[in-house]
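Input: a single structure, listed below in structure tokens.
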Amino acid sequence: MNFLDFEKPVEELFLELDRVKAAEHESHTSMQQKVSEIEYKIRDQQKEIYSNLTTWQRIQVSRHPDRLIRFFISSISVTNSLSFSVTGILKTIKLLFGGLGEIDGKTYMLIGHQKGVNTKMRQYRNFGMPNPEGYRKALRLMKLAEKFNKPIVTLIDTPGAYPGEEAEARGQGEAIARNLDANGRVESSCSLYCYWRRSFWWCLRHWCW
């Protein structure tokens with residue numbers, strides 16, 4: 001596990017918990033009461049820390065290395081999913097996912113990022129930075145949801161639009177503008193569970209109005 005600087009009290013409790021569990025395993029004696037006490041302290045300490053975060057600490061949490069990512073969130077909560085593998089005019093969009101899925105028996109259009117959990121995955125997915133094809137894919141999926149009157153759930157995890165020269169040459173600004181100009185009329189929910197920046201958030205947020 002990774003801990004931020006203000007999470008040091010929690011880190012110390014986790015280390016103590018590991019020591020107790022190791023001692024329990026070596027001695028073959030039950031220390032469940034001690035384990036329960038430490039786990040209670042951890043929950044209590046986390047509640048105290050996270051109920052009094054500063055603005056910068058909230059940003060740090062949004063970029064936490066151990067934060068939940070799209071793959072794990074969707075695998076836990078979504079059933080009967082249908083994923084759309086969309087290929088752009090020039091390339092396949094690897095970092096954006098989209099598809100229909102059921103949550104508590106209701107069908108939603110799910111759209112979000114797959115930034116990756118290690119360097120290899122992040123390189124493959126362009127570190128979560130959409131090219132123009134990514135914005136156009138999101139727009140197509142939103143219009144599909146609008147056509148069939150399905151609510152949209154977006155899971156946003158991006159440092160922003162890809163700033164490369166090739167992206168600009170392929171119409172990065174135009175793609176963002178088209179998303180902003182679109183008038184979606186379906187129920188929508190944005191989940192900002194991760195690191196994000198303004199451009200993609202605004203392009204998706206426009207559909208919530």
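Residue numbers start at 1 in each chain; chains themselves are named A, B, ... in the order of the structure tokens; ligands are numbered from 1 in the order shown.
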
- prompt: Do you know which residues are at most 10 Å from Pro9 in chain A counting only C-alpha atoms, after dropping those on the same chain fewer than 2 positions away, and could you put them as a list in words?
  reply: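 Near neighbours after the sequence-gap exclusion: Phe3, Asp5, Phe6, Glu7, Glu11, Glu12, Leu13, Phe14, Ile42, Gln45, Gln46 and Ile49 of chain A.
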
Could those residues be written to a file, using N, CA, C and O atoms, as a PDB file, in the first residue's frame?
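File written: selection14.pdb
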```pdb
ATOM      1  N   PHE A   3       1.030   5.362   0.999  1.00  0.00           N
ATOM      2  CA  PHE A   3       0.422   6.313   1.920  1.00  0.00           C
ATOM      3  C   PHE A   3       0.921   7.714   1.618  1.00  0.00           C
ATOM      4  O   PHE A   3       2.101   7.918   1.327  1.00  0.00           O
ATOM      5  N   ASP A   5       1.571  11.785   2.792  1.00  0.00           N
ATOM      6  CA  ASP A   5       2.255  12.299   3.970  1.00  0.00           C
ATOM      7  C   ASP A   5       1.315  12.484   5.156  1.00  0.00           C
ATOM      8  O   ASP A   5       1.693  12.221   6.302  1.00  0.00           O
ATOM      9  N   PHE A   6       0.071  12.905   4.901  1.00  0.00           N
ATOM     10  CA  PHE A   6      -0.863  13.137   6.009  1.00  0.00           C
ATOM     11  C   PHE A   6      -1.532  11.841   6.476  1.00  0.00           C
ATOM     12  O   PHE A   6      -2.306  11.848   7.435  1.00  0.00           O
ATOM     13  N   GLU A   7      -1.216  10.721   5.813  1.00  0.00           N
ATOM     14  CA  GLU A   7      -1.769   9.435   6.212  1.00  0.00           C
ATOM     15  C   GLU A   7      -0.799   8.628   7.076  1.00  0.00           C
ATOM     16  O   GLU A   7      -1.021   7.444   7.313  1.00  0.00           O
ATOM     17  N   GLU A  11      -0.697   4.699   8.346  1.00  0.00           N
ATOM     18  CA  GLU A  11       0.374   3.799   7.931  1.00  0.00           C
ATOM     19  C   GLU A  11       0.966   3.075   9.136  1.00  0.00           C
ATOM     20  O   GLU A  11       1.230   1.869   9.090  1.00  0.00           O
ATOM     21  N   GLU A  12       1.190   3.802  10.232  1.00  0.00           N
ATOM     22  CA  GLU A  12       1.753   3.188  11.436  1.00  0.00           C
ATOM     23  C   GLU A  12       0.832   2.111  11.995  1.00  0.00           C
ATOM     24  O   GLU A  12       1.289   1.057  12.451  1.00  0.00           O
ATOM     25  N   LEU A  13      -0.486   2.365  11.930  1.00  0.00           N
ATOM     26  CA  LEU A  13      -1.447   1.374  12.417  1.00  0.00           C
ATOM     27  C   LEU A  13      -1.443   0.131  11.519  1.00  0.00           C
ATOM     28  O   LEU A  13      -1.558  -0.996  12.017  1.00  0.00           O
ATOM     29  N   PHE A  14      -1.321   0.325  10.224  1.00  0.00           N
ATOM     30  CA  PHE A  14      -1.257  -0.826   9.318  1.00  0.00           C
ATOM     31  C   PHE A  14       0.001  -1.648   9.567  1.00  0.00           C
ATOM     32  O   PHE A  14      -0.038  -2.893   9.499  1.00  0.00           O
ATOM     33  N   ILE A  42      -7.876   1.924  12.927  1.00  0.00           N
ATOM     34  CA  ILE A  42      -7.609   2.348  11.551  1.00  0.00           C
ATOM     35  C   ILE A  42      -8.823   3.054  10.962  1.00  0.00           C
ATOM     36  O   ILE A  42      -8.707   4.135  10.373  1.00  0.00           O
ATOM     37  N   GLN A  45      -9.245   6.422  12.663  1.00  0.00           N
ATOM     38  CA  GLN A  45      -8.220   7.380  12.236  1.00  0.00           C
ATOM     39  C   GLN A  45      -8.492   7.862  10.819  1.00  0.00           C
ATOM     40  O   GLN A  45      -8.350   9.050  10.507  1.00  0.00           O
ATOM     41  N   GLN A  46      -8.887   6.962   9.921  1.00  0.00           N
ATOM     42  CA  GLN A  46      -9.208   7.338   8.552  1.00  0.00           C
ATOM     43  C   GLN A  46     -10.390   8.306   8.519  1.00  0.00           C
ATOM     44  O   GLN A  46     -10.386   9.276   7.754  1.00  0.00           O
ATOM     45  N   ILE A  49      -9.138  11.734   9.659  1.00  0.00           N
ATOM     46  CA  ILE A  49      -8.274  12.392   8.672  1.00  0.00           C
ATOM     47  C   ILE A  49      -9.085  12.885   7.488  1.00  0.00           C
ATOM     48  O   ILE A  49      -8.967  14.038   7.058  1.00  0.00           O
TER      49      ILE A  49
END
```

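We find CA of Pro132 in chain A and CA of Pro65 in chain A to be spaced 26.8 Å apart.
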
- prompt: Near Met31 in chain A, within 10 Å and counting only C-alpha atoms, which residues show up once chain neighbours fewer than 6 positions away are dropped, as a list in words?
  reply: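 Listing them by chain and then by number gives Val20, Lys21, Ala23, Glu24 and His25 of chain A.
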
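Ranking A:Asn2, A:Thr158, A:Gly112, A:Arg63 by their shortest atom-to-atom distance to Met142 in chain A, with only C-alpha atoms included, puts A:Gly112 first.
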
field: Between CA of Glu37 in chain A and CA of Ser62 in chain A, distance in Å (one decimal)
entry: 28.9 Å

task: Point out the residue among A:Ile152, A:Val35, A:Leu4, A:Ala175 with the least atom-to-atom distance to Ile103 in chain A, counting only C-alpha atoms.
output: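 Checking each of A:Ile152, A:Val35, A:Leu4, A:Ala175 against Ile103 in chain A, counting only C-alpha atoms, the winner is A:Ile152.
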
statement: From the list A:Lys115, A:Asn131, A:Leu144, A:Arg178, the nearest residue to Glu165 in chain A using only C-alpha atoms is A:Asn131

Residue contacts of Ile111 in chain A (6 Å, only C-alpha atoms) excluding same-chain residues fewer than 3 positions away, as a PyMOL selection string: chain A and resi 97-98+154

Those residues you just picked out, can you put them in a file as a PDB file, in the first residue's frame with C-alpha atoms?
```pdb
ATOM      1  CA  PHE A  97     -13.951   2.443 -22.738  1.00  0.00           C
ATOM      2  CA  GLY A  98     -17.646   2.511 -23.363  1.00  0.00           C
ATOM      3  CA  THR A 154     -19.011   8.650 -16.733  1.00  0.00           C
TER       4      THR A 154
END
```

- request: Write down as a ChimeraX atom specification the residues of range 20-60 of chain A whose backbone DSSP state falls under helix (DSSP H, G or I).
  value: /A:20-27,32-50,55-60

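Between CA of Leu53 in chain A and CA of Asp66 in chain A lies a distance of 17.7 Å.
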